[in-house]
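Containing CSV, C-alpha atoms: input15.csv.
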```
chain,number,residue,atom,x,y,z
A,1,MET,CA,61.4,22.7,83.0
A,2,LYS,CA,62.1,26.3,82.2
A,3,SER,CA,58.5,27.2,82.4
A,4,ARG,CA,58.2,25.5,85.8
A,5,LEU,CA,61.2,27.5,87.1
A,6,GLN,CA,59.6,30.7,85.9
A,7,ASP,CA,56.3,29.8,87.7
A,8,ILE,CA,58.2,29.2,90.9
A,9,ARG,CA,60.0,32.5,90.6
A,10,LYS,CA,56.8,34.3,90.0
A,11,SER,CA,55.2,32.6,93.1
A,12,ILE,CA,58.2,33.6,95.2
A,13,CYS,CA,57.9,37.2,94.0
A,14,ARG,CA,54.2,37.3,94.8
A,15,ARG,CA,55.0,36.0,98.3
A,16,GLU,CA,57.7,38.6,98.8
A,17,ASN,CA,55.5,41.4,97.6
A,18,LEU,CA,52.7,40.1,99.9
A,19,ILE,CA,55.1,40.0,102.8
A,20,ALA,CA,56.4,43.5,102.0
A,21,ALA,CA,52.9,44.8,101.8
A,22,VAL,CA,51.9,43.2,105.0
A,23,SER,CA,55.0,44.5,106.7
A,24,ALA,CA,54.3,48.0,105.4
A,25,LEU,CA,50.8,47.8,106.7
A,26,LEU,CA,52.0,46.6,110.1
A,27,ILE,CA,54.5,49.5,110.3
A,28,ILE,CA,51.7,51.9,109.4
A,29,PHE,CA,49.5,50.4,112.1
A,30,VAL,CA,52.3,50.6,114.7
A,31,ILE,CA,53.0,54.3,113.8
A,32,VAL,CA,49.3,55.2,113.9
A,33,GLY,CA,48.9,53.3,117.2
A,34,ILE,CA,51.8,55.1,118.7
A,35,ARG,CA,50.6,58.5,117.6
A,36,PHE,CA,47.1,57.7,118.8
A,37,ALA,CA,48.4,56.6,122.2
A,38,PHE,CA,50.6,59.7,122.4
A,39,PHE,CA,47.8,62.0,121.7
A,40,ALA,CA,45.4,60.1,123.9
A,41,GLU,CA,48.0,60.5,126.7
A,42,GLU,CA,48.3,64.2,125.9
A,43,ALA,CA,44.6,64.6,126.0
A,44,GLU,CA,44.5,63.0,129.5
A,45,GLN,CA,47.2,65.3,130.7
A,46,ARG,CA,44.8,68.1,131.4
A,47,ILE,CA,43.8,69.2,134.9
A,48,LYS,CA,41.5,71.7,136.5
A,49,VAL,CA,43.0,73.8,139.3
A,50,GLY,CA,40.9,75.6,141.9
A,51,PHE,CA,41.8,78.6,144.0
A,52,VAL,CA,40.1,79.8,147.2
A,53,TYR,CA,40.7,83.5,148.0
A,54,VAL,CA,39.8,85.3,151.2
A,55,ASP,CA,39.7,88.6,149.3
A,56,ASP,CA,39.9,89.7,145.6
A,57,GLU,CA,42.5,91.5,143.5
A,58,SER,CA,41.8,94.7,145.4
A,59,THR,CA,44.0,93.5,148.2
A,60,ALA,CA,47.7,93.0,147.6
A,61,TYR,CA,47.9,89.7,149.4
A,62,THR,CA,45.3,88.0,147.2
A,63,TYR,CA,46.5,89.9,144.1
A,64,ASN,CA,49.9,88.2,144.5
A,65,PHE,CA,48.2,84.8,144.4
A,66,ILE,CA,46.1,85.8,141.4
A,67,GLN,CA,49.4,86.7,139.6
A,68,ALA,CA,50.5,83.1,140.2
A,69,GLN,CA,47.2,81.8,138.9
A,70,ASN,CA,47.7,83.8,135.7
A,71,ALA,CA,51.3,82.5,135.4
A,72,LEU,CA,49.9,79.0,135.7
A,73,GLU,CA,47.6,79.5,132.8
A,74,THR,CA,50.3,81.1,130.7
A,75,THR,CA,52.8,78.4,131.4
A,76,TYR,CA,50.7,75.3,130.8
A,77,GLY,CA,48.2,76.7,128.3
A,78,GLU,CA,45.4,74.3,127.4
A,79,GLN,CA,46.7,71.7,129.8
A,80,VAL,CA,45.4,73.6,132.8
A,81,GLU,CA,42.0,75.2,133.4
A,82,THR,CA,41.7,77.4,136.5
A,83,ILE,CA,38.7,78.2,138.6
A,84,ALA,CA,38.7,80.8,141.4
A,85,LYS,CA,36.4,81.5,144.3
A,86,TYR,CA,36.8,85.1,145.7
A,87,ASN,CA,35.9,86.7,149.0
A,88,VAL,CA,35.5,83.5,150.9
A,89,PRO,CA,35.5,84.2,154.7
A,90,GLU,CA,37.7,82.0,156.9
A,91,GLY,CA,35.6,79.2,158.3
A,92,LYS,CA,33.2,79.2,155.3
A,93,GLU,CA,35.6,77.6,152.9
A,94,THR,CA,33.8,74.2,152.7
A,95,THR,CA,31.1,75.5,150.4
A,96,ALA,CA,33.8,76.8,147.9
A,97,LEU,CA,35.7,73.6,148.2
A,98,GLN,CA,32.7,71.5,147.4
A,99,GLU,CA,31.9,73.7,144.4
A,100,LEU,CA,35.5,73.2,143.1
A,101,ALA,CA,35.3,69.5,143.7
A,102,ASP,CA,32.0,69.3,141.8
A,103,SER,CA,33.6,71.2,139.0
A,104,GLY,CA,36.2,68.4,138.6
A,105,CYS,CA,39.2,70.1,140.1
A,106,ASN,CA,42.3,67.8,140.4
A,107,LEU,CA,44.2,70.3,142.5
A,108,ILE,CA,43.0,73.0,144.8
A,109,PHE,CA,45.0,75.9,146.4
A,110,THR,CA,43.6,77.5,149.6
A,111,THR,CA,45.3,80.7,150.4
A,112,SER,CA,44.5,81.9,153.9
A,113,TYR,CA,45.7,80.5,157.2
A,114,GLY,CA,42.1,80.2,158.6
A,115,TYR,CA,41.2,77.8,155.8
A,116,GLY,CA,43.6,75.1,157.1
A,117,GLU,CA,41.4,73.1,159.5
A,118,GLY,CA,38.4,73.0,157.1
A,119,THR,CA,40.5,72.2,154.1
A,120,LYS,CA,42.3,69.3,155.8
A,121,LYS,CA,39.0,67.8,156.9
A,122,PHE,CA,37.6,68.2,153.3
A,123,ALA,CA,40.8,66.6,151.9
A,124,ALA,CA,40.4,63.5,154.0
A,125,ASP,CA,37.0,62.9,152.3
A,126,HIS,CA,38.4,63.6,148.8
A,127,PRO,CA,41.6,61.6,148.3
A,128,GLU,CA,41.4,61.9,144.6
A,129,ILE,CA,42.1,65.7,144.8
A,130,GLN,CA,45.4,67.3,145.9
A,131,PHE,CA,45.0,70.2,148.3
A,132,CYS,CA,47.8,72.8,148.9
A,133,GLN,CA,47.2,75.1,151.8
A,134,ALA,CA,49.3,78.3,152.0
A,135,THR,CA,50.7,79.8,155.3
A,136,CYS,CA,49.5,76.9,157.4
A,137,ASN,CA,51.3,74.5,159.6
A,138,ASP,CA,49.1,71.4,159.9
A,139,ALA,CA,50.2,69.1,157.0
A,140,ASN,CA,52.6,67.1,159.2
A,141,THR,CA,50.3,66.8,162.2
A,142,GLU,CA,48.0,63.7,162.6
A,143,PRO,CA,46.3,62.6,160.5
A,144,VAL,CA,49.0,63.1,157.8
A,145,LEU,CA,47.2,63.0,154.4
A,146,GLU,CA,49.0,62.2,151.2
A,147,ASN,CA,46.8,64.7,149.4
A,148,TYR,CA,47.2,67.6,151.8
A,149,HIS,CA,50.2,70.0,151.7
A,150,ASN,CA,51.5,73.2,153.2
A,151,PHE,CA,53.7,75.9,151.5
A,152,MET,CA,55.0,79.4,152.2
A,153,GLY,CA,58.0,81.5,151.4
A,154,GLU,CA,60.6,82.2,154.1
A,155,ILE,CA,59.5,85.8,154.3
A,156,TYR,CA,61.6,86.6,157.3
A,157,GLN,CA,64.5,87.0,154.9
A,158,GLY,CA,62.7,89.8,153.0
A,159,ARG,CA,61.6,91.4,156.3
A,160,TYR,CA,65.1,91.5,157.5
A,161,LEU,CA,66.4,93.0,154.3
A,162,SER,CA,63.6,95.6,154.4
A,163,GLY,CA,64.9,96.5,157.9
A,164,VAL,CA,68.4,96.9,156.6
A,165,VAL,CA,67.1,99.4,154.0
A,166,ALA,CA,65.3,101.3,156.7
A,167,GLY,CA,68.3,101.2,158.9
A,168,LEU,CA,70.5,102.7,156.2
A,169,LYS,CA,67.9,105.6,156.0
A,170,LEU,CA,68.0,106.1,159.7
A,171,GLN,CA,71.8,106.1,159.7
A,172,GLU,CA,71.7,108.7,156.9
A,173,LEU,CA,69.4,110.9,158.9
A,174,ILE,CA,71.7,110.6,162.0
A,175,GLU,CA,74.8,111.5,159.9
A,176,GLU,CA,73.0,114.5,158.5
A,177,ASP,CA,72.0,115.6,162.1
A,178,LEU,CA,68.3,115.4,161.2
A,179,ILE,CA,67.8,113.0,164.1
A,180,THR,CA,69.9,111.7,166.9
A,181,PRO,CA,70.5,108.0,167.7
A,182,LYS,CA,68.0,108.4,170.6
A,183,ASP,CA,65.4,109.3,167.9
A,184,ALA,CA,65.9,106.0,166.1
A,185,LYS,CA,62.3,104.8,166.8
A,186,ILE,CA,60.3,102.7,164.4
A,187,GLY,CA,56.6,101.8,164.4
A,188,TYR,CA,54.9,98.7,163.1
A,189,VAL,CA,51.2,98.1,162.3
A,190,GLY,CA,50.5,94.4,162.8
A,191,ALA,CA,47.3,92.4,162.1
A,192,PHE,CA,47.3,89.8,164.9
A,193,PRO,CA,49.7,88.7,167.6
A,194,TYR,CA,50.4,85.5,165.6
A,195,ALA,CA,53.8,83.9,165.1
A,196,GLU,CA,53.7,84.9,161.4
A,197,VAL,CA,53.4,88.6,162.4
A,198,ILE,CA,55.8,88.5,165.3
A,199,SER,CA,58.4,86.7,163.3
A,200,GLY,CA,58.1,89.2,160.5
A,201,TYR,CA,58.4,92.4,162.7
A,202,THR,CA,61.2,90.9,164.7
A,203,ALA,CA,63.2,90.1,161.6
A,204,PHE,CA,62.5,93.6,160.3
A,205,PHE,CA,63.6,95.1,163.7
A,206,LEU,CA,66.8,93.1,163.7
A,207,GLY,CA,67.5,94.2,160.2
A,208,VAL,CA,67.3,97.9,161.2
A,209,ARG,CA,69.4,97.2,164.3
A,210,SER,CA,72.1,95.6,162.2
A,211,VAL,CA,72.7,99.2,160.9
A,212,VAL,CA,71.6,101.3,163.8
A,213,PRO,CA,72.0,99.4,167.1
A,214,GLU,CA,70.1,102.0,169.2
A,215,THR,CA,66.8,101.4,167.4
A,216,VAL,CA,63.7,100.6,169.4
A,217,MET,CA,60.3,99.6,168.1
A,218,THR,CA,56.6,100.0,169.0
A,219,VAL,CA,54.0,97.6,167.6
A,220,LYS,CA,50.2,98.1,167.5
A,221,TYR,CA,47.8,95.3,166.5
A,222,THR,CA,44.6,96.0,164.5
A,223,ASN,CA,43.3,92.4,165.0
A,224,SER,CA,42.2,92.5,161.4
A,225,TRP,CA,44.0,91.8,158.1
A,226,ASN,CA,42.1,94.4,156.2
A,227,ASP,CA,41.0,97.6,158.1
A,228,TYR,CA,42.1,100.7,156.2
A,229,ALA,CA,40.8,103.2,158.7
A,230,LEU,CA,42.4,101.5,161.8
A,231,GLU,CA,45.7,100.8,160.0
A,232,LYS,CA,45.9,104.5,159.1
A,233,LYS,CA,44.9,105.6,162.6
A,234,TYR,CA,47.5,103.5,164.3
A,235,ALA,CA,50.3,104.6,161.9
A,236,GLN,CA,49.4,108.2,162.6
A,237,GLN,CA,49.6,107.5,166.4
A,238,LEU,CA,53.0,105.9,166.0
A,239,ILE,CA,54.2,108.9,163.9
A,240,GLY,CA,52.9,111.1,166.7
A,241,GLU,CA,55.0,109.2,169.2
A,242,GLY,CA,58.1,110.0,167.2
A,243,CYS,CA,58.5,107.0,165.0
A,244,VAL,CA,60.7,107.8,162.0
A,245,ILE,CA,60.1,104.5,160.1
A,246,ILE,CA,56.6,102.9,159.8
A,247,SER,CA,56.1,99.3,158.5
A,248,GLN,CA,53.2,96.9,158.4
A,249,HIS,CA,51.9,93.4,158.3
A,250,SER,CA,48.4,94.3,157.1
A,251,ASP,CA,46.7,94.5,153.8
A,252,THR,CA,45.8,98.1,153.1
A,253,ALA,CA,47.4,101.4,152.1
A,254,GLY,CA,46.4,103.0,155.4
A,255,PRO,CA,49.9,103.3,156.8
A,256,ALA,CA,51.3,104.6,153.5
A,257,VAL,CA,48.7,107.3,153.4
A,258,ALA,CA,49.4,108.2,157.0
A,259,CYS,CA,53.1,108.6,156.2
A,260,GLU,CA,52.5,110.6,153.0
A,261,GLN,CA,50.1,113.0,154.8
A,262,THR,CA,52.6,113.8,157.6
A,263,ASP,CA,54.0,117.3,157.5
A,264,ALA,CA,57.1,117.4,155.3
A,265,SER,CA,59.1,118.9,158.1
A,266,GLN,CA,58.8,115.6,160.0
A,267,ASN,CA,61.1,112.8,158.9
A,268,VAL,CA,58.9,109.8,158.3
A,269,TYR,CA,59.4,106.9,155.9
A,270,LEU,CA,57.4,103.8,155.0
A,271,VAL,CA,58.4,100.2,154.4
A,272,ALA,CA,55.6,98.3,152.7
A,273,TYR,CA,54.5,94.7,152.4
A,274,ASN,CA,53.1,92.7,149.5
A,275,GLN,CA,52.9,95.7,147.2
A,276,SER,CA,54.9,98.8,146.3
A,277,MET,CA,53.4,102.0,147.7
A,278,ALA,CA,55.4,104.2,145.4
A,279,ASP,CA,52.3,105.6,143.8
A,280,VAL,CA,50.5,106.1,147.1
A,281,ALA,CA,53.4,107.6,149.0
A,282,PRO,CA,56.0,108.8,146.5
A,283,THR,CA,57.9,111.0,149.0
A,284,THR,CA,57.9,108.6,151.9
A,285,TYR,CA,57.9,105.0,150.5
A,286,LEU,CA,61.3,103.3,150.7
A,287,THR,CA,60.8,99.6,149.7
A,288,GLY,CA,59.2,96.4,150.9
A,289,CYS,CA,59.1,92.7,150.3
A,290,LYS,CA,56.6,90.0,149.3
A,291,ILE,CA,56.3,86.3,148.8
A,292,ASN,CA,56.4,85.1,145.2
A,293,TRP,CA,53.9,82.2,145.0
A,294,GLU,CA,54.6,81.2,141.4
A,295,PRO,CA,57.5,78.7,141.9
A,296,TYR,CA,55.5,76.5,144.2
A,297,ILE,CA,52.1,76.7,142.4
A,298,LEU,CA,53.7,76.0,139.0
A,299,ALA,CA,55.7,73.1,140.3
A,300,ALA,CA,52.7,71.6,142.2
A,301,ALA,CA,50.6,71.7,139.1
A,302,GLY,CA,53.4,70.1,137.0
A,303,ALA,CA,53.6,67.3,139.6
A,304,VAL,CA,49.8,66.6,139.4
A,305,LEU,CA,49.9,66.8,135.6
A,306,ASN,CA,52.6,64.1,135.5
A,307,GLY,CA,51.3,62.0,138.3
A,308,LYS,CA,54.2,62.7,140.7
A,309,LYS,CA,54.4,63.6,144.3
A,310,ILE,CA,54.3,67.4,144.8
A,311,GLU,CA,57.2,67.5,147.3
A,312,GLU,CA,59.5,65.7,144.8
A,313,CYS,CA,58.9,68.3,142.1
A,314,VAL,CA,59.3,71.6,144.1
A,315,ASN,CA,62.6,73.3,144.5
A,316,GLY,CA,62.8,74.2,148.2
A,317,THR,CA,63.3,72.8,151.7
A,318,VAL,CA,61.0,69.9,152.2
A,319,HIS,CA,59.5,69.3,155.6
A,320,GLY,CA,57.4,66.1,155.0
A,321,GLN,CA,54.2,67.4,153.3
A,322,ASP,CA,55.4,71.0,153.5
A,323,VAL,CA,57.9,73.1,151.5
A,324,SER,CA,59.5,76.4,152.0
A,325,ALA,CA,62.2,78.5,150.3
A,326,GLY,CA,63.6,82.1,150.3
A,327,PHE,CA,65.7,84.2,148.1
A,328,GLU,CA,67.7,81.3,146.8
A,329,GLU,CA,64.7,79.8,144.9
A,330,GLY,CA,62.9,83.1,144.1
A,331,TRP,CA,60.1,82.5,146.7
A,332,VAL,CA,60.9,85.8,148.4
A,333,GLU,CA,61.3,89.1,146.4
A,334,MET,CA,62.0,92.7,147.2
A,335,LEU,CA,59.6,95.4,146.1
A,336,GLU,CA,60.9,98.3,144.0
A,337,LEU,CA,63.3,100.6,145.7
A,338,ASN,CA,62.6,104.3,145.8
A,339,GLY,CA,66.0,105.5,144.7
A,340,VAL,CA,65.1,109.1,145.2
A,341,ILE,CA,65.0,108.9,148.9
A,342,ALA,CA,66.9,105.7,149.7
A,343,ALA,CA,70.2,106.2,151.4
A,344,GLN,CA,73.3,106.1,149.2
A,345,GLY,CA,74.7,102.6,148.9
A,346,THR,CA,71.4,100.9,149.4
A,347,ILE,CA,71.3,99.0,146.1
A,348,GLN,CA,74.8,97.5,146.8
A,349,LYS,CA,73.7,96.5,150.3
A,350,ILE,CA,70.6,94.8,149.0
A,351,ASP,CA,72.6,92.7,146.6
A,352,GLU,CA,75.1,91.9,149.2
A,353,THR,CA,72.4,90.8,151.7
A,354,ILE,CA,70.5,88.7,149.2
A,355,GLU,CA,73.7,86.9,148.3
A,356,GLY,CA,74.4,86.4,152.0
A,357,PHE,CA,71.1,84.6,152.4
A,358,LYS,CA,71.7,82.5,149.4
A,359,GLN,CA,75.0,81.4,150.8
A,360,GLY,CA,73.6,80.8,154.2
A,361,ASN,CA,75.8,83.4,155.9
A,362,ILE,CA,73.1,85.6,157.5
A,363,HIS,CA,71.6,84.6,160.8
A,364,VAL,CA,68.6,86.7,161.6
A,365,PHE,CA,67.2,85.5,164.9
A,366,GLN,CA,70.4,85.8,166.9
A,367,GLY,CA,71.9,88.4,169.3
A,368,ASP,CA,71.9,89.5,172.9
A,369,TYR,CA,68.1,89.5,173.3
A,370,ILE,CA,65.6,87.7,175.4
A,371,GLY,CA,62.3,86.8,173.8
A,372,VAL,CA,59.1,86.5,175.9
A,373,ASN,CA,56.1,84.5,174.8
A,374,PRO,CA,53.2,87.1,174.9
A,375,TYR,CA,50.8,84.3,176.0
A,376,ASP,CA,53.1,82.9,178.7
A,377,GLY,CA,55.6,85.1,180.5
A,378,ASN,CA,57.4,82.0,181.8
A,379,ASP,CA,58.2,80.9,178.3
A,380,THR,CA,61.3,82.7,177.2
A,381,TYR,CA,64.0,82.3,174.5
A,382,ASP,CA,67.6,83.5,174.8
A,383,LEU,CA,68.7,84.6,171.3
A,384,ASN,CA,72.4,84.2,172.2
A,385,GLN,CA,71.5,80.8,170.8
A,386,GLU,CA,70.2,81.3,167.3
A,387,TYR,CA,66.5,80.5,166.7
A,388,PRO,CA,66.3,78.5,163.5
A,389,GLU,CA,63.2,79.9,161.8
A,390,ASN,CA,61.5,77.7,159.2
A,391,GLU,CA,63.6,74.7,160.4
A,392,ASN,CA,60.6,72.3,160.5
A,393,SER,CA,57.9,74.1,158.7
A,394,SER,CA,57.2,76.7,156.0
A,395,ALA,CA,55.0,78.7,158.4
A,396,PRO,CA,57.0,81.0,160.7
A,397,THR,CA,57.2,79.8,164.3
A,398,PHE,CA,59.2,82.6,166.1
A,399,GLY,CA,56.5,84.0,168.5
A,400,TYR,CA,58.6,85.8,171.2
A,401,VAL,CA,58.6,89.5,171.8
A,402,LEU,CA,62.1,90.9,172.4
A,403,LYS,CA,62.3,92.2,175.9
A,404,ASP,CA,63.1,95.9,176.5
A,405,VAL,CA,63.5,96.8,172.9
A,406,ILE,CA,60.1,96.1,171.3
A,407,LYS,CA,57.0,97.5,173.0
A,408,ILE,CA,53.5,96.2,172.3
A,409,GLU,CA,51.1,99.1,172.6
A,410,GLU,CA,47.3,98.7,173.1
```
Encoded form using structure tokens:
Amino acid sequence: MKSRLQDIRKSICRRENLIAAVSALLIIFVIVGIRFAFFAEEAEQRIKVGFVYVDDESTAYTYNFIQAQNALETTYGEQVETIAKYNVPEGKETTALQELADSGCNLIFTTSYGYGEGTKKFAADHPEIQFCQATCNDANTEPVLENYHNFMGEIYQGRYLSGVVAGLKLQELIEEDLITPKDAKIGYVGAFPYAEVISGYTAFFLGVRSVVPETVMTVKYTNSWNDYALEKKYAQQLIGEGCVIISQHSDTAGPAVACEQTDASQNVYLVAYNQSMADVAPTTYLTGCKINWEPYILAAAGAVLNGKKIEECVNGTVHGQDVSAGFEEGWVEMLELNGVIAAQGTIQKIDETIEGFKQGNIHVFQGDYIGVNPYDGNDTYDLNQEYPENENSSAPTFGYVLKDVIKIEE
């Protein structure tokens, strides 16, 4: 009997040991399976991101996008591979897009307004790829595509603040009897008579006028984004007409060189765009502003990596398939301030104005002005009722020239 009990106990022990061994093996298999699934998922979370550029790093506009591309690689490491196509003319983007699609890109950023129509048509035939078009305004027009998006910083905020800095300098010159209020003339070299350019120079002008109400402005269009000789020539002409401040919405250092080469006895100062001109014009450059493309590009890539909708992952104001933001989300930035020549108190005013934008307390397109559509004289806008820029799109829409205070010169 005793021997029988011992045999039963041994049998139970063997079964318990077998169960424990099997359980241990099952646990190991589960752990290995989980780890395999995790690493397999990690392996799948890799994307290729394409960029189509109208220029290369030699122009400030494209260089700012390239900085965002570099930040994307740094932020996501091996999870993101980027491919760039440089110097692609507007209207010729389809070839570059096809090459990026053939390379296996999951996400493509197109960076010039003129790419919009071609990119949207291409996106319709490639629903497996997400396309993000900068500075355009067609993502919410029919046909609305789930894989086609627009984005842009609310740059009018930076333009206005740049104008405030320029206005403070004008005010200082007036107080020092170097010019009179009647001499408060500013000049602007613009690329094209597009709403983006008109909105920008109007915001700049209104920023100057917030400090020196007597200011008037003359605008000259080059009808080119990148024409160094013409930009310099037009800036020189504006200086010759008595403009004390020169600013620009164009891509070269031409206006900066024109200001720096002006006789030192003549009071002339430059407000730049997209890049500091402190090295080019150290005695005349004041400041400037630019769009920081990194917040959107990093967030859009993160959305695609995680299989989420882009507009749900970007911090900004969402307009359907379109997102914008300003100082509050870091989409707009001021360029370096030349403290040597800036008016006293400028730094404090910059901080105060940025905070005002963040709090929603600054209303730029408002005042006792009548705006006239340059393409239709019967289309006017009374700014006694504020114009809500970027209300429905990231691309600027204010396209009215302020009557009697802004002159367009051929």
Surrounding residues of Thr180 (chain A) excluding itself and chain neighbours under 6 positions, 10 Å, only C-alpha atoms, as an NGL selection string:
:A and (170-171 or 173-174 or 214)
Expressed in Å to a single decimal, how great is the separation between CA of Arg159 (chain A) and CA of Tyr221 (chain A)?
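These atoms are spaced 17.6 Å apart.
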Of the listed residues A:Gly77, A:Gly360, A:Gly345, A:Pro282, that which approaches Glu260 (chain A) most closely, counting all atoms listed in the file
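For Glu260 (chain A), the nearest of the candidates is A:Pro282.
CA of Val314 (chain A) is found 6.9 Å from CA of Ala300 (chain A).
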So that I can see what lies close to Ala256 (chain A), please list as a PyMOL selection string the residues with an atom at most 7 Å from it, counting only C-alpha atoms and leaving out residues fewer than 5 positions away in the same chain.
chain A and resi 270+277+280-281
Restricting the calculation to only C-alpha atoms: of A:Ala253, A:Ala71, A:Ile179, A:Leu161, which residue gets closest to Leu337 (chain A)?
A:Leu161
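Residue nearest Val164 (chain A) within the list A:Ala343, A:Asn70, A:Met217, A:Gln266: A:Ala343 [criterion: smallest interatomic distance, all atoms listed in the file].
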Which distance in Å separates CA of Leu100 (chain A) and CA of Thr317 (chain A), to one decimal?
29.1 Å
I need every residue sitting at most 10 Å from the point (50.8, 67.5, 133.4) (coordinates as in the file, all atoms listed in the file considered), written as a PyMOL selection string.
chain A and resi 42+44-47+76+79-80+300-308
From A:Glu146, A:Asp368, A:Glu312, A:Glu99, residue lying nearest Lys120 (chain A) [only C-alpha atoms]
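Of A:Glu146, A:Asp368, A:Glu312, A:Glu99, the one nearest Lys120 (chain A), counting only C-alpha atoms, is A:Glu146.
For Val211 (chain A), the non-local neighbours within 10 Å, defined as residues at least 3 positions apart in the same chain or in other chains and counting all atoms listed in the file, are Gly163, Val164, Val165, Ala166, Gly167, Leu168, Lys169, Leu170, Gln171, Leu206, Gly207, Val208, Glu214 and Thr215 of chain A.
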Do you have, as CSV, the list of residues of region 351-382 of chain A lying at most 12 Å from region 388-406 of chain A, each with its nearest atom pair and that distance in Å to one decimal, counting only C-alpha atoms and ordered by chain then number?
```
residue,atom,partner,partner_atom,distance
A:Ile362,CA,A:Pro388,CA,11.5
A:His363,CA,A:Pro388,CA,8.5
A:Val364,CA,A:Glu389,CA,8.7
A:Phe365,CA,A:Pro388,CA,7.2
A:Gln366,CA,A:Pro388,CA,9.0
A:Gly367,CA,A:Leu402,CA,10.6
A:Asp368,CA,A:Leu402,CA,9.9
A:Tyr369,CA,A:Leu402,CA,6.2
A:Ile370,CA,A:Lys403,CA,5.6
A:Gly371,CA,A:Leu402,CA,4.3
A:Val372,CA,A:Tyr400,CA,4.8
A:Asn373,CA,A:Tyr400,CA,4.6
A:Pro374,CA,A:Val401,CA,6.7
A:Tyr375,CA,A:Tyr400,CA,9.3
A:Asp376,CA,A:Tyr400,CA,9.7
A:Gly377,CA,A:Tyr400,CA,9.8
A:Asn378,CA,A:Tyr400,CA,11.3
A:Asp379,CA,A:Tyr400,CA,8.6
A:Thr380,CA,A:Tyr400,CA,7.3
A:Tyr381,CA,A:Tyr400,CA,7.2
A:Asp382,CA,A:Leu402,CA,9.5
```
Fewer than 2 positions away in the same chain doesn't count, so skip those; otherwise give me all residues within 6 Å of region 288-292 of chain A, counting only C-alpha atoms, as a list in words.
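Final neighbour list, sorted by chain and number: Gly153, Gly158, Ser162, Val271, Ala272, Tyr273, Asn274, Glu294, Trp331, Val332, Glu333, Met334 and Leu335 of chain A.
With all atoms listed in the file as the atoms that count, the minimum distance from Asp177 (chain A) to the choices A:Glu409, A:Tyr296, A:Asn267, A:Gly91 is reached by A:Asn267.
The shell of residues at most 7 Å from Gly187 (chain A), with all atoms listed in the file counted and near chain neighbours (fewer than 4 positions) removed, consists of Met217, Thr218, Val219, Leu238, Cys243, Ile245, Ile246 and Ser247 of chain A.
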Which of these, A:Ala195, A:Thr59, A:Glu311, A:Gln130, has the shortest distance to Ser250 (chain A) once you count all atoms listed in the file?
A:Thr59
Kindly provide, as a PyMOL selection string, the polymer residues lying within 12 Å of (45.9, 100.9, 158.6), counting only C-alpha atoms and using the coordinates exactly as they appear in the file.
chain A and resi 188-191+220-238+246-259+272
